[in-house]
file entry-v3.txt (compact mmCIF, N, CA and C atoms and all ligand atoms)
# COMPACT_ATOMS: atom_id res chain seq x y z
N MET U 162 0.83 -1.19 0.00
CA MET U 162 0.00 0.00 0.00
C MET U 162 0.88 1.26 0.00
N GLU U 163 0.54 2.21 -0.84
CA GLU U 163 1.34 3.43 -0.93
C GLU U 163 1.14 4.29 0.31
N HIS U 164 2.26 4.80 0.85
CA HIS U 164 2.16 5.64 2.04
C HIS U 164 1.69 7.04 1.65
N GLN U 165 0.73 7.54 2.39
CA GLN U 165 0.24 8.89 2.12
C GLN U 165 0.89 9.86 3.10
N TYR U 166 1.71 10.77 2.59
CA TYR U 166 2.34 11.76 3.45
C TYR U 166 1.36 12.91 3.70
N PRO U 167 1.39 13.45 4.91
CA PRO U 167 0.52 14.60 5.18
C PRO U 167 0.94 15.78 4.31
N ASP U 168 0.02 16.52 3.84
CA ASP U 168 0.31 17.64 2.95
C ASP U 168 0.05 18.96 3.66
N HIS U 169 1.06 19.40 4.44
CA HIS U 169 0.91 20.64 5.22
C HIS U 169 1.27 21.81 4.33
N ARG U 170 0.31 22.52 3.85
CA ARG U 170 0.58 23.67 2.99
C ARG U 170 0.19 24.95 3.70
N VAL U 171 1.00 25.99 3.50
CA VAL U 171 0.67 27.31 4.01
C VAL U 171 0.30 28.14 2.80
N ASP U 172 -0.90 28.64 2.75
CA ASP U 172 -1.37 29.40 1.58
C ASP U 172 -1.10 28.62 0.30
N GLY U 173 -1.38 27.30 0.32
CA GLY U 173 -1.20 26.48 -0.87
C GLY U 173 0.23 26.04 -1.11
N ARG U 174 1.14 26.40 -0.24
CA ARG U 174 2.54 26.04 -0.45
C ARG U 174 2.99 25.02 0.58
N ARG U 175 3.83 24.09 0.15
CA ARG U 175 4.42 23.16 1.11
C ARG U 175 5.52 23.87 1.88
N THR U 176 5.63 23.49 3.15
CA THR U 176 6.65 24.08 4.01
C THR U 176 7.70 23.04 4.38
N TYR U 177 8.97 23.41 4.22
CA TYR U 177 10.07 22.53 4.60
C TYR U 177 10.92 23.22 5.65
N CYS U 178 11.40 22.42 6.59
CA CYS U 178 12.34 22.93 7.59
C CYS U 178 13.75 22.58 7.14
N VAL U 179 14.66 23.53 7.29
CA VAL U 179 16.08 23.27 7.04
C VAL U 179 16.84 23.60 8.32
N THR U 180 17.47 22.60 8.92
CA THR U 180 18.31 22.87 10.09
C THR U 180 19.73 23.18 9.60
N GLY U 181 20.52 23.85 10.42
CA GLY U 181 21.86 24.25 9.98
C GLY U 181 21.79 25.19 8.79
N ALA U 182 20.78 26.06 8.80
CA ALA U 182 20.51 26.91 7.63
C ALA U 182 21.62 27.91 7.35
N THR U 183 22.47 28.19 8.33
CA THR U 183 23.58 29.13 8.09
C THR U 183 24.79 28.42 7.50
N GLY U 184 24.76 27.10 7.44
CA GLY U 184 25.91 26.34 6.97
C GLY U 184 25.97 26.26 5.45
N TYR U 185 27.02 25.60 4.95
CA TYR U 185 27.27 25.51 3.51
C TYR U 185 26.09 24.82 2.81
N VAL U 186 25.75 23.63 3.25
CA VAL U 186 24.67 22.88 2.61
C VAL U 186 23.32 23.52 2.91
N GLY U 187 23.11 23.87 4.20
CA GLY U 187 21.81 24.41 4.62
C GLY U 187 21.45 25.70 3.92
N SER U 188 22.42 26.61 3.78
CA SER U 188 22.09 27.91 3.18
C SER U 188 21.69 27.75 1.71
N TRP U 189 22.33 26.81 1.01
CA TRP U 189 21.94 26.58 -0.39
C TRP U 189 20.60 25.87 -0.48
N LEU U 190 20.33 25.01 0.48
CA LEU U 190 19.01 24.35 0.51
C LEU U 190 17.90 25.39 0.68
N VAL U 191 18.10 26.32 1.63
CA VAL U 191 17.09 27.36 1.87
C VAL U 191 16.86 28.15 0.59
N LYS U 192 17.95 28.58 -0.04
CA LYS U 192 17.85 29.38 -1.27
C LYS U 192 17.11 28.60 -2.36
N SER U 193 17.48 27.34 -2.53
CA SER U 193 16.91 26.52 -3.59
C SER U 193 15.42 26.27 -3.36
N LEU U 194 15.06 25.96 -2.12
CA LEU U 194 13.64 25.70 -1.81
C LEU U 194 12.79 26.96 -2.04
N LEU U 195 13.32 28.12 -1.62
CA LEU U 195 12.58 29.37 -1.81
C LEU U 195 12.42 29.67 -3.30
N GLU U 196 13.47 29.42 -4.07
CA GLU U 196 13.41 29.67 -5.52
C GLU U 196 12.37 28.76 -6.19
N LYS U 197 12.15 27.59 -5.60
CA LYS U 197 11.16 26.65 -6.16
C LYS U 197 9.75 26.96 -5.68
N GLY U 198 9.62 27.99 -4.83
CA GLY U 198 8.30 28.43 -4.41
C GLY U 198 7.79 27.85 -3.11
N TYR U 199 8.66 27.09 -2.42
CA TYR U 199 8.23 26.52 -1.14
C TYR U 199 8.37 27.55 -0.02
N ALA U 200 7.65 27.29 1.06
CA ALA U 200 7.87 28.05 2.29
C ALA U 200 8.94 27.31 3.09
N VAL U 201 9.79 28.06 3.79
CA VAL U 201 10.92 27.45 4.50
C VAL U 201 10.97 27.94 5.95
N ASN U 202 11.07 26.98 6.86
CA ASN U 202 11.38 27.28 8.25
C ASN U 202 12.87 27.03 8.43
N ALA U 203 13.64 28.08 8.56
CA ALA U 203 15.09 27.94 8.68
C ALA U 203 15.48 27.93 10.15
N ALA U 204 16.08 26.83 10.59
CA ALA U 204 16.51 26.71 11.99
C ALA U 204 17.99 27.06 12.08
N VAL U 205 18.28 28.06 12.91
CA VAL U 205 19.66 28.53 13.05
C VAL U 205 20.04 28.63 14.52
N ARG U 206 21.33 28.48 14.77
CA ARG U 206 21.79 28.52 16.16
C ARG U 206 21.82 29.95 16.68
N ASN U 207 22.16 30.89 15.79
CA ASN U 207 22.27 32.29 16.19
C ASN U 207 21.55 33.15 15.15
N LEU U 208 20.43 33.72 15.55
CA LEU U 208 19.62 34.50 14.59
C LEU U 208 20.42 35.66 13.99
N GLY U 209 21.35 36.22 14.76
CA GLY U 209 22.14 37.35 14.28
C GLY U 209 23.05 36.98 13.13
N SER U 210 23.37 35.69 12.99
CA SER U 210 24.29 35.27 11.93
C SER U 210 23.60 35.16 10.57
N CYS U 211 22.30 35.45 10.53
CA CYS U 211 21.55 35.32 9.27
C CYS U 211 21.54 36.59 8.45
N ASP U 212 22.02 37.68 9.01
CA ASP U 212 21.87 38.97 8.34
C ASP U 212 22.37 38.95 6.89
N ARG U 213 23.59 38.44 6.70
CA ARG U 213 24.17 38.46 5.34
C ARG U 213 23.42 37.48 4.43
N LEU U 214 22.84 36.43 5.02
CA LEU U 214 22.17 35.41 4.20
C LEU U 214 20.77 35.84 3.77
N LEU U 215 20.16 36.74 4.55
CA LEU U 215 18.79 37.16 4.20
C LEU U 215 18.76 37.79 2.82
N THR U 216 19.83 38.50 2.47
CA THR U 216 19.91 39.12 1.14
C THR U 216 20.00 38.04 0.06
N LEU U 217 20.79 37.02 0.34
CA LEU U 217 20.95 35.92 -0.62
C LEU U 217 19.66 35.13 -0.78
N TRP U 218 18.99 34.90 0.35
CA TRP U 218 17.81 34.05 0.34
C TRP U 218 16.58 34.72 -0.29
N GLY U 219 16.37 35.98 0.06
CA GLY U 219 15.10 36.59 -0.33
C GLY U 219 13.98 35.83 0.38
N GLY U 220 12.93 35.53 -0.33
CA GLY U 220 11.89 34.66 0.25
C GLY U 220 10.72 35.40 0.86
N GLY U 221 10.96 36.61 1.36
CA GLY U 221 9.85 37.39 1.92
C GLY U 221 9.09 36.63 2.98
N ASP U 222 7.77 36.62 2.85
CA ASP U 222 6.93 36.01 3.89
C ASP U 222 6.96 34.48 3.84
N ARG U 223 7.64 33.90 2.85
CA ARG U 223 7.73 32.43 2.80
C ARG U 223 8.88 31.91 3.67
N LEU U 224 9.69 32.81 4.19
CA LEU U 224 10.83 32.41 5.01
C LEU U 224 10.61 32.79 6.47
N LYS U 225 10.71 31.79 7.35
CA LYS U 225 10.62 32.07 8.79
C LYS U 225 11.90 31.56 9.44
N LEU U 226 12.42 32.34 10.37
CA LEU U 226 13.64 31.94 11.08
C LEU U 226 13.29 31.46 12.49
N PHE U 227 13.95 30.40 12.90
CA PHE U 227 13.75 29.85 14.24
C PHE U 227 15.12 29.62 14.87
N ARG U 228 15.23 29.97 16.15
CA ARG U 228 16.48 29.67 16.85
C ARG U 228 16.41 28.27 17.41
N ALA U 229 17.43 27.47 17.14
CA ALA U 229 17.44 26.09 17.64
C ALA U 229 18.89 25.63 17.78
N ASP U 230 19.11 24.82 18.83
CA ASP U 230 20.47 24.31 19.08
C ASP U 230 20.39 22.81 19.34
N LEU U 231 21.27 22.07 18.68
CA LEU U 231 21.28 20.61 18.83
C LEU U 231 21.46 20.17 20.27
N HIS U 232 22.05 21.03 21.08
CA HIS U 232 22.32 20.66 22.47
C HIS U 232 21.18 21.05 23.40
N GLU U 233 20.10 21.60 22.83
CA GLU U 233 18.96 22.00 23.67
C GLU U 233 17.74 21.17 23.31
N GLU U 234 17.40 20.26 24.19
CA GLU U 234 16.27 19.35 23.99
C GLU U 234 15.00 20.14 23.62
N GLY U 235 14.38 19.74 22.54
CA GLY U 235 13.10 20.33 22.15
C GLY U 235 13.20 21.65 21.41
N SER U 236 14.43 22.15 21.19
CA SER U 236 14.52 23.49 20.61
C SER U 236 14.19 23.52 19.12
N PHE U 237 14.07 22.35 18.48
CA PHE U 237 13.67 22.32 17.06
C PHE U 237 12.16 22.13 16.89
N ASP U 238 11.44 21.97 17.99
CA ASP U 238 10.01 21.64 17.91
C ASP U 238 9.22 22.66 17.08
N ASP U 239 9.43 23.93 17.37
CA ASP U 239 8.66 24.96 16.65
C ASP U 239 9.04 25.00 15.17
N ALA U 240 10.31 24.80 14.89
CA ALA U 240 10.78 24.89 13.50
C ALA U 240 10.21 23.77 12.63
N VAL U 241 10.04 22.58 13.18
CA VAL U 241 9.57 21.45 12.38
C VAL U 241 8.05 21.29 12.42
N HIS U 242 7.40 21.99 13.34
CA HIS U 242 5.96 21.82 13.50
C HIS U 242 5.21 22.15 12.20
N GLY U 243 4.41 21.21 11.74
CA GLY U 243 3.56 21.44 10.57
C GLY U 243 4.28 21.36 9.24
N CYS U 244 5.55 20.98 9.25
CA CYS U 244 6.31 20.93 7.99
C CYS U 244 6.02 19.64 7.23
N HIS U 245 6.13 19.72 5.91
CA HIS U 245 5.97 18.54 5.07
C HIS U 245 7.22 17.68 5.14
N GLY U 246 8.36 18.30 5.32
CA GLY U 246 9.61 17.55 5.40
C GLY U 246 10.68 18.36 6.10
N VAL U 247 11.73 17.67 6.53
CA VAL U 247 12.83 18.32 7.24
C VAL U 247 14.15 17.92 6.60
N PHE U 248 14.96 18.93 6.25
CA PHE U 248 16.32 18.68 5.80
C PHE U 248 17.22 18.94 7.01
N HIS U 249 17.64 17.87 7.66
CA HIS U 249 18.37 18.01 8.92
C HIS U 249 19.87 17.96 8.63
N VAL U 250 20.44 19.14 8.35
CA VAL U 250 21.86 19.20 7.99
C VAL U 250 22.70 19.95 9.02
N ALA U 251 22.08 20.36 10.14
CA ALA U 251 22.88 20.94 11.22
C ALA U 251 23.87 19.88 11.69
N ALA U 252 25.11 20.27 11.84
CA ALA U 252 26.13 19.31 12.25
C ALA U 252 27.05 19.99 13.24
N SER U 253 27.13 19.41 14.42
CA SER U 253 27.98 19.97 15.45
C SER U 253 29.41 19.48 15.27
N MET U 254 30.32 20.43 15.25
CA MET U 254 31.74 20.05 15.13
C MET U 254 32.42 20.06 16.49
N ASP U 255 31.61 20.17 17.56
CA ASP U 255 32.19 20.16 18.89
C ASP U 255 32.87 18.82 19.14
N ALA U 256 34.09 18.86 19.56
CA ALA U 256 34.83 17.62 19.80
C ALA U 256 35.49 17.69 21.17
N ILE U 257 35.55 16.54 21.80
CA ILE U 257 36.24 16.47 23.08
C ILE U 257 37.62 15.87 22.84
N VAL U 258 38.65 16.66 23.06
CA VAL U 258 40.02 16.17 22.87
C VAL U 258 40.71 16.18 24.22
N ASN U 259 41.16 15.02 24.62
CA ASN U 259 41.82 14.92 25.92
C ASN U 259 43.13 15.69 25.91
N GLN U 260 43.53 16.15 27.09
CA GLN U 260 44.81 16.83 27.22
C GLN U 260 45.95 15.83 27.02
N LEU U 261 47.05 16.29 26.44
CA LEU U 261 48.23 15.43 26.31
C LEU U 261 48.75 15.09 27.70
N THR U 262 49.12 13.85 27.87
CA THR U 262 49.72 13.47 29.14
C THR U 262 51.22 13.76 29.08
N ASP U 263 51.91 13.62 30.21
CA ASP U 263 53.34 13.92 30.26
C ASP U 263 54.15 13.08 29.28
N ASP U 264 53.66 11.84 29.00
CA ASP U 264 54.43 10.98 28.07
C ASP U 264 54.02 11.22 26.61
N GLY U 265 53.27 12.30 26.35
CA GLY U 265 52.97 12.66 24.97
C GLY U 265 51.77 11.97 24.37
N ASN U 266 51.05 11.19 25.18
CA ASN U 266 49.86 10.51 24.67
C ASN U 266 48.59 11.23 25.12
N TYR U 267 47.51 10.95 24.41
CA TYR U 267 46.21 11.51 24.80
C TYR U 267 45.53 10.62 25.83
N1 LIG D 1 29.84 20.34 2.61
C1 LIG D 1 29.87 19.20 1.93
O1 LIG D 1 30.42 19.11 0.81
C2 LIG D 1 29.20 17.98 2.48
C3 LIG D 1 29.18 16.82 1.70
C4 LIG D 1 28.54 15.69 2.21
C5 LIG D 1 27.95 15.71 3.46
N2 LIG D 1 28.01 16.85 4.21
C6 LIG D 1 27.38 16.82 5.53
O2 LIG D 1 26.34 17.79 5.57
C7 LIG D 1 26.25 18.31 6.89
C8 LIG D 1 26.40 19.85 6.82
O3 LIG D 1 27.64 20.16 6.20
P1 LIG D 1 28.05 21.67 5.91
O4 LIG D 1 29.21 21.63 4.99
O5 LIG D 1 26.85 22.46 5.53
O6 LIG D 1 28.57 22.11 7.36
P2 LIG D 1 28.73 23.61 7.93
O7 LIG D 1 28.89 24.60 6.83
O8 LIG D 1 29.79 23.51 8.98
O9 LIG D 1 27.32 23.87 8.61
C9 LIG D 1 26.95 23.27 9.82
C10 LIG D 1 25.70 23.94 10.31
O10 LIG D 1 25.33 23.31 11.53
C11 LIG D 1 25.11 24.33 12.49
N3 LIG D 1 25.41 23.87 13.83
C12 LIG D 1 26.61 23.53 14.37
N4 LIG D 1 26.48 23.20 15.65
C13 LIG D 1 25.15 23.38 15.95
C14 LIG D 1 24.40 23.22 17.13
N5 LIG D 1 24.95 22.81 18.29
N6 LIG D 1 23.06 23.47 17.07
C15 LIG D 1 22.48 23.88 15.92
N7 LIG D 1 23.15 24.05 14.77
C16 LIG D 1 24.48 23.81 14.79
C17 LIG D 1 26.04 25.47 12.10
O11 LIG D 1 25.56 26.65 12.71
P3 LIG D 1 26.52 27.92 12.98
O12 LIG D 1 26.50 28.71 11.69
O13 LIG D 1 25.87 28.62 14.11
O14 LIG D 1 27.88 27.39 13.32
C18 LIG D 1 25.87 25.44 10.60
O15 LIG D 1 24.70 26.11 10.22
C19 LIG D 1 27.38 17.65 7.70
O16 LIG D 1 26.82 16.55 8.39
C20 LIG D 1 28.34 17.19 6.65
O17 LIG D 1 29.10 16.07 7.08
C21 LIG D 1 28.60 17.98 3.74

call {"tool": "encode", "arguments": {"input": "entry-v3.txt", "output": "structure tokens", "more": "lines below"}}
Ligand SMILES: NC(=O)c1ccc[n+]([C@@H]2O[C@H](COP(=O)([O-])OP(=O)(O)OC[C@H]3O[C@@H](n4cnc5c(N)ncnc54)[C@H](OP(=O)(O)O)[C@@H]3O)[C@@H](O)[C@H]2O)c1
result
Amino acid sequence: MEHQYPDHRVDGRRTYCVTGATGYVGSWLVKSLLEKGYAVNAAVRNLGSCDRLLTLWGGGDRLKLFRADLHEEGSFDDAVHGCHGVFHVAASMDAIVNQLTDDGNY
């Protein structure tokens, strides 16, 4: 049996969420989706970092920004709510590197 996906449209348009929207892949996804006429919920870690991208994206009322952090439980809830699909490309590069020991090992 064919799976029926819910069709959440805003003013007749499908809405997609893009996480990591300020990143290399995410920013191009946002631009591409807007150019195709979709509405986009862009999830970003720091809303202030979007200023330069807003010019690139355009989108007008089809673009909504949401603050969300991978380390904060539930912080993506609003961004994904009601979306037809999610492009989850936020990627944390936080790494834990142990201090070198006296013998030069980690
Ligand atoms: N680039 C490629 O050619 C390529 C190819 C294949 C697969 N991929 C995969 O695609 C994914 C994205 O790659 P990318 O090149 O777009 O990486 P990127 O430019 O480093 O972007 C990463 C995004 O994740 C966000 N992010 C980092 N930590 C976060 C956190 N704690 N909470 C919320 N957002 C956070 C960053 O936000 P900030 O702007 O705030 O740092 C940024 O928007 C990665 O998994 C990568 O392995 C990339």

call {"tool": "residues_near_ligand", "arguments": {"input": "entry-v3.txt", "ligand": "ligand LIG 1 (chain D)", "cutoff": "7 Å", "atoms": "only C-alpha atoms and all ligand atoms", "output": "VMD selection string"}}
result
chain U and resid 180 to 187 205 to 207 210 229 to 232 250 to 254

call {"tool": "closest_residue", "arguments": {"input": "entry-v3.txt", "among": "U:Thr176, U:Cys244, U:Ala200, U:His249", "to": "Trp218 (chain U)", "atoms": "only C-alpha atoms"}}
result
U:Ala200

call {"tool": "atom_distance", "arguments": {"input": "entry-v3.txt", "atom1": "CA of Glu234 (chain U)", "atom2": "CA of Ala204 (chain U)"}}
result
14.1 Å

call {"tool": "select_by_dssp", "arguments": {"input": "entry-v3.txt", "residues": "region 164-255 of chain U", "states": "strand (DSSP E)", "output": "count of residues only"}}
result
24

call {"tool": "select_by_dssp", "arguments": {"input": "entry-v3.txt", "residues": "region 163-246 of chain U", "states": "helix (DSSP H, G or I)", "output": "VMD selection string"}}
result
chain U and resid 185 to 196 208 to 218 221 to 223 238 to 241

call {"tool": "axis_aligned_box", "arguments": {"input": "entry-v3.txt", "around": "region 221-232 of chain U", "padding_each_side": "4 Å", "output": "AutoDock Vina command-line options"}}
result
--center_x 14.6 --center_y 28.8 --center_z 12.4 --size_x 23.4 --size_y 25.2 --size_z 30.0

call {"tool": "closest_residue", "arguments": {"input": "entry-v3.txt", "among": "U:Lys225, U:Leu194, U:Ser188, U:Tyr267", "to": "Arg213 (chain U)", "atoms": "only C-alpha atoms"}}
result
U:Ser188

call {"tool": "atom_distance", "arguments": {"input": "entry-v3.txt", "atom1": "atom N of Val201 (chain U)", "atom2": "CA of Glu233 (chain U)"}}
result
22.7 Å

call {"tool": "atom_distance", "arguments": {"input": "entry-v3.txt", "atom1": "CA of Val179 (chain U)", "atom2": "atom C of Tyr199 (chain U)"}}
result
11.3 Å

call {"tool": "closest_residue", "arguments": {"input": "entry-v3.txt", "among": "U:Lys192, U:Leu208, U:Asp255, U:Gly243", "to": "Arg174 (chain U)", "atoms": "only C-alpha atoms"}}
result
U:Gly243

call {"tool": "closest_residue", "arguments": {"input": "entry-v3.txt", "among": "U:Asn266, U:Leu190, U:Asn202, U:Val247", "to": "Leu217 (chain U)", "atoms": "only C-alpha atoms"}}
result
U:Leu190

call {"tool": "closest_residue", "arguments": {"input": "entry-v3.txt", "among": "U:Leu214, U:Leu224, U:Ala203, U:Leu195", "to": "Phe248 (chain U)", "atoms": "only C-alpha atoms"}}
result
U:Ala203
